[in-house]
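Coordinates as given in target_32.cif (mmCIF, C-alpha atoms):
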```cif
data_query
loop_
_atom_site.group_PDB
_atom_site.id
_atom_site.type_symbol
_atom_site.label_atom_id
_atom_site.label_comp_id
_atom_site.auth_asym_id
_atom_site.auth_seq_id
_atom_site.Cartn_x
_atom_site.Cartn_y
_atom_site.Cartn_z
ATOM 1 C CA MET A 18 99.446 71.740 127.186
ATOM 2 C CA ALA A 19 99.057 69.346 124.327
ATOM 3 C CA GLY A 20 102.083 70.967 122.677
ATOM 4 C CA LYS A 21 104.078 70.612 125.868
ATOM 5 C CA ASP A 22 103.202 66.889 126.195
ATOM 6 C CA ARG A 23 104.193 66.374 122.614
ATOM 7 C CA ASP A 24 107.614 68.000 123.251
ATOM 8 C CA ARG A 25 108.051 65.862 126.374
ATOM 9 C CA PHE A 26 107.705 62.644 124.387
ATOM 10 C CA SER A 27 109.630 63.690 121.309
ATOM 11 C CA THR A 28 112.894 61.920 120.512
ATOM 12 C CA ALA A 29 114.949 65.075 120.439
ATOM 13 C CA THR A 30 113.682 66.096 123.851
ATOM 14 C CA ARG A 31 114.367 62.665 125.298
ATOM 15 C CA LEU A 32 117.889 62.627 123.899
ATOM 16 C CA ARG A 33 118.581 66.081 125.254
ATOM 17 C CA LEU A 34 117.315 65.145 128.730
ATOM 18 C CA LEU A 35 119.237 61.906 128.650
ATOM 19 C CA GLY A 36 122.427 63.762 127.656
ATOM 20 C CA GLU A 37 121.966 66.305 130.444
ATOM 21 C CA GLN A 38 121.384 63.582 133.041
ATOM 22 C CA THR A 39 124.416 61.645 131.854
ATOM 23 C CA ALA A 40 126.585 64.777 131.891
ATOM 24 C CA ALA A 41 125.403 65.545 135.436
ATOM 25 C CA ARG A 42 126.269 61.978 136.592
ATOM 26 C CA VAL A 43 129.696 62.108 134.987
ATOM 27 C CA TYR A 44 130.399 65.505 136.524
ATOM 28 C CA ARG A 45 129.301 64.287 139.990
ATOM 29 C CA SER A 46 131.372 61.091 139.763
ATOM 30 C CA GLN A 47 134.446 63.024 138.607
ATOM 31 C CA ASN A 48 134.062 65.451 141.489
ATOM 32 C CA ARG A 49 133.689 62.572 143.956
ATOM 33 C CA ARG A 50 136.686 60.731 142.462
ATOM 34 C CA GLN A 51 138.840 63.818 142.602
ATOM 35 C CA ALA A 52 137.760 64.499 146.164
ATOM 36 C CA ARG A 53 138.420 60.878 147.114
ATOM 37 C CA ARG A 54 141.799 60.814 145.377
ATOM 38 C CA SER A 55 143.015 63.960 147.041
ATOM 39 C CA ARG A 56 141.688 62.804 150.412
ATOM 40 C CA LEU A 57 143.244 59.272 150.231
ATOM 41 C CA THR A 58 146.575 60.216 148.686
ATOM 42 C CA GLY A 59 148.026 61.524 151.943
ATOM 43 C CA ARG A 60 146.766 58.514 153.882
ATOM 44 C CA ALA A 61 148.041 56.102 151.271
ATOM 45 C CA ALA A 62 151.455 57.754 151.295
ATOM 46 C CA PHE A 63 151.625 57.590 155.092
ATOM 47 C CA LEU A 64 150.496 53.964 155.075
ATOM 48 C CA ALA A 65 153.118 53.113 152.450
ATOM 49 C CA LEU A 66 155.755 54.885 154.553
ATOM 50 C CA VAL A 67 154.736 52.924 157.656
ATOM 51 C CA VAL A 68 154.736 49.609 155.799
ATOM 52 C CA CYS A 69 158.146 50.316 154.249
ATOM 53 C CA SER A 70 159.630 51.301 157.604
ATOM 54 C CA LEU A 71 158.238 48.108 159.184
ATOM 55 C CA VAL A 72 159.707 46.009 156.405
ATOM 56 C CA LEU A 73 163.078 47.713 156.769
ATOM 57 C CA ALA A 74 162.975 47.406 160.551
ATOM 58 C CA LEU A 75 162.160 43.701 160.420
ATOM 59 C CA ALA A 76 164.369 42.692 157.486
ATOM 60 C CA TYR A 77 167.678 42.454 159.384
ATOM 61 C CA PRO A 78 166.286 40.565 162.409
ATOM 62 C CA MET A 79 164.465 38.138 160.116
ATOM 63 C CA ARG A 80 167.654 37.550 158.132
ATOM 64 C CA GLN A 81 169.538 36.905 161.374
ATOM 65 C CA TYR A 82 166.799 34.563 162.578
ATOM 66 C CA VAL A 83 166.871 32.520 159.382
ATOM 67 C CA SER A 84 170.664 32.298 159.303
ATOM 68 C CA GLN A 85 170.775 31.271 162.973
ATOM 69 C CA ARG A 86 168.140 28.596 162.369
ATOM 70 C CA ASP A 87 170.309 27.254 159.539
ATOM 71 C CA GLU A 88 173.352 27.227 161.809
ATOM 72 C CA ILE A 89 171.396 25.421 164.532
ATOM 73 C CA ALA A 90 170.225 22.794 162.050
ATOM 74 C CA GLU A 91 173.803 22.310 160.818
ATOM 75 C CA GLN A 92 175.122 21.962 164.372
ATOM 76 C CA GLU A 93 172.392 19.436 165.202
ATOM 77 C CA ARG A 94 173.338 17.441 162.118
ATOM 78 C CA LEU A 95 177.003 17.499 163.124
ATOM 79 C CA SER A 96 176.070 16.463 166.663
ATOM 80 C CA GLN A 97 174.090 13.475 165.400
ATOM 81 C CA GLN A 98 176.966 12.517 163.134
ATOM 82 C CA ALA A 99 179.399 12.711 166.082
ATOM 83 C CA GLU A 100 177.067 10.568 168.199
ATOM 84 C CA ARG A 101 176.929 7.908 165.469
ATOM 85 C CA ARG A 102 180.724 7.944 165.194
ATOM 86 C CA THR A 103 181.019 7.637 168.980
ATOM 87 C CA GLU A 104 178.726 4.593 168.952
ATOM 88 C CA GLU A 105 180.772 3.016 166.156
ATOM 89 C CA LEU A 106 183.975 3.573 168.130
ATOM 90 C CA ARG A 107 182.407 2.100 171.278
ATOM 91 C CA ASP A 108 181.381 -0.966 169.300
ATOM 92 C CA GLU A 109 184.894 -1.271 167.869
ATOM 93 C CA LYS A 110 186.380 -0.931 171.356
ATOM 94 C CA ALA A 111 184.110 -3.687 172.640
ATOM 95 C CA ARG A 112 185.114 -5.961 169.735
ATOM 96 C CA LEU A 113 188.800 -5.276 170.385
ATOM 97 C CA GLN A 114 188.359 -6.728 173.891
ATOM 98 C CA ASP A 115 187.721 -10.152 172.298
ATOM 99 C CA ASP A 116 190.861 -12.268 171.679
ATOM 100 C CA ALA A 117 189.282 -14.131 168.764
ATOM 101 C CA TYR A 118 188.613 -10.844 166.944
ATOM 102 C CA ILE A 119 192.224 -9.712 167.536
ATOM 103 C CA MET A 120 193.515 -13.007 166.118
ATOM 104 C CA ARG A 121 191.293 -12.701 163.067
ATOM 105 C CA LEU A 122 192.533 -9.142 162.410
ATOM 106 C CA ALA A 123 196.164 -10.249 162.800
ATOM 107 C CA ARG A 124 195.647 -13.112 160.355
ATOM 108 C CA GLN A 125 193.794 -10.945 157.869
ATOM 109 C CA HIS A 126 195.855 -7.752 157.836
ATOM 110 C CA LEU A 127 199.270 -8.829 159.051
ATOM 111 C CA HIS A 128 199.243 -12.303 157.453
ATOM 112 C CA TYR A 129 200.066 -14.032 160.752
ATOM 113 C CA VAL A 130 199.714 -17.803 160.976
ATOM 114 C CA LEU A 131 199.332 -20.028 164.014
ATOM 115 C CA PRO A 132 202.059 -22.492 164.916
ATOM 116 C CA GLY A 133 201.770 -25.557 162.719
ATOM 117 C CA GLU A 134 199.988 -23.734 159.868
ATOM 118 C CA THR A 135 201.577 -22.961 156.531
ATOM 119 C CA GLY A 136 201.108 -19.488 155.123
ATOM 120 C CA TYR A 137 200.889 -18.874 151.398
ATOM 121 C CA THR A 138 201.145 -15.609 149.522
ATOM 122 C CA VAL A 139 199.934 -15.513 145.949
ATOM 123 C CA ALA A 140 201.467 -12.900 143.687
ATOM 124 C CA ASP A 141 199.145 -11.402 141.123
ATOM 125 C CA PRO A 142 201.106 -10.614 137.922
ATOM 126 C CA ASP A 143 198.515 -8.026 136.813
ATOM 127 C CA ALA A 144 198.947 -6.082 140.050
ATOM 128 C CA ALA A 145 202.714 -5.921 139.530
ATOM 129 C CA LYS A 146 202.218 -4.389 136.065
ATOM 130 C CA ASP A 147 199.836 -1.788 137.440
ATOM 131 C CA ARG A 148 202.290 -0.761 140.143
ATOM 132 C CA ARG A 149 205.209 -0.040 137.829
ATOM 133 C CA GLY A 150 203.906 2.898 135.842
ATOM 134 C CA GLU A 151 206.180 3.133 132.779
ATOM 135 C CA PRO A 152 207.100 0.004 130.828
ATOM 136 C CA GLY A 153 210.829 -0.601 130.998
ATOM 137 C CA ALA A 154 211.374 1.832 133.889
ATOM 138 C CA SER A 155 212.565 -0.961 136.182
ATOM 139 C CA ASP A 156 215.325 -1.886 133.714
ATOM 140 C CA ARG A 157 217.100 1.456 134.243
ATOM 141 C CA PRO A 158 218.977 2.584 137.336
ATOM 142 C CA TRP A 159 217.022 4.477 139.989
ATOM 143 C CA HIS A 160 218.795 7.802 139.420
ATOM 144 C CA ALA A 161 217.758 7.816 135.754
ATOM 145 C CA ASN A 162 214.130 7.462 136.776
ATOM 146 C CA LEU A 163 214.626 10.266 139.313
ATOM 147 C CA TRP A 164 216.037 12.705 136.720
ATOM 148 C CA ASP A 165 213.294 11.818 134.246
ATOM 149 C CA GLY A 166 210.760 12.722 136.912
ATOM 150 C CA VAL A 167 212.452 16.064 137.556
ATOM 151 C CA ASP A 168 212.595 16.837 133.825
ATOM 152 C CA SER A 169 208.916 16.018 133.331
ATOM 153 C CA ALA A 170 208.031 18.230 136.321
ATOM 154 C CA ASP A 171 210.038 21.073 134.744
ATOM 155 C CA ARG A 172 208.218 20.656 131.447
ATOM 156 C CA ASP A 173 204.851 20.757 133.215
ATOM 157 C CA ALA A 174 205.831 23.903 135.128
ATOM 158 C CA GLY A 175 206.959 25.589 131.871
ATOM 159 C CA ASP A 176 203.566 24.875 130.263
ATOM 160 C CA ARG A 177 201.750 26.696 133.057
ATOM 161 C CA ASP A 178 203.741 29.917 132.710
#
```
I'd like the structure from this file rewritten - as structure tokens, please.
Amino acid sequence: MAGKDRDRFSTATRLRLLGEQTAARVYRSQNRRQARRSRLTGRAAFLALVVCSLVLALAYPMRQYVSQRDEIAEQERLSQQAERRTEELRDEKARLQDDAYIMRLARQHLHYVLPGETGYTVADPDAAKDRRGEPGASDRPWHANLWDGVDSADRDAGDRD
């Protein structure tokens, strides 16, 4: 028995027992993993199929919902804009009922003057230069300017071809 106790505590015996126990654990865990994998694979595939079909079934209605919400928001924005414009037009209509406002507009835009007043118009020489376009174009007859315009339009059309 003393020889058996000695073998039980020897390093070689301990290593061998430890190796056997480890091999048994690894074998058991591999068997469990394989059993679990094979058992869950069918369920996982079915679950994935169900989830994919739900996503596909809900994708089109969700897209329609989002696009309709965008359209509703756009229509509400346009409605608010139309209401603001309506209020502005109502205010303008109310102002146009006032004779003093009408007189002020006539004086401002149409250059009307009241009897006894003297109206003055100031010509701005810089504005006249800006209106002409080409320098020296007003010195020529109108038909020359017309044909120059046609020729330049022809040249521009030829460049595009």
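The spacing separating atom CA of A:Leu122 from atom CA of A:Glu105 amounts to 17.3 Å.
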Quiz item: stretch 123-138 of chain A: which residues within 12 Å, counting all atoms listed in the file, same-chain residues fewer than 6 positions away excluded, as a ChimeraX atom specification?
Solution: /A:113,116-117
Exercise. Kindly give the distance, in Å, that separates atom CA of A:Ser84 and atom CA of A:Ser96, rounded to a single decimal.
Key: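 Atom CA of A:Ser84 sits 18.3 Å away from atom CA of A:Ser96.
We find atom CA of A:Glu100 and atom CA of A:Asp115 to be spaced 23.7 Å apart.
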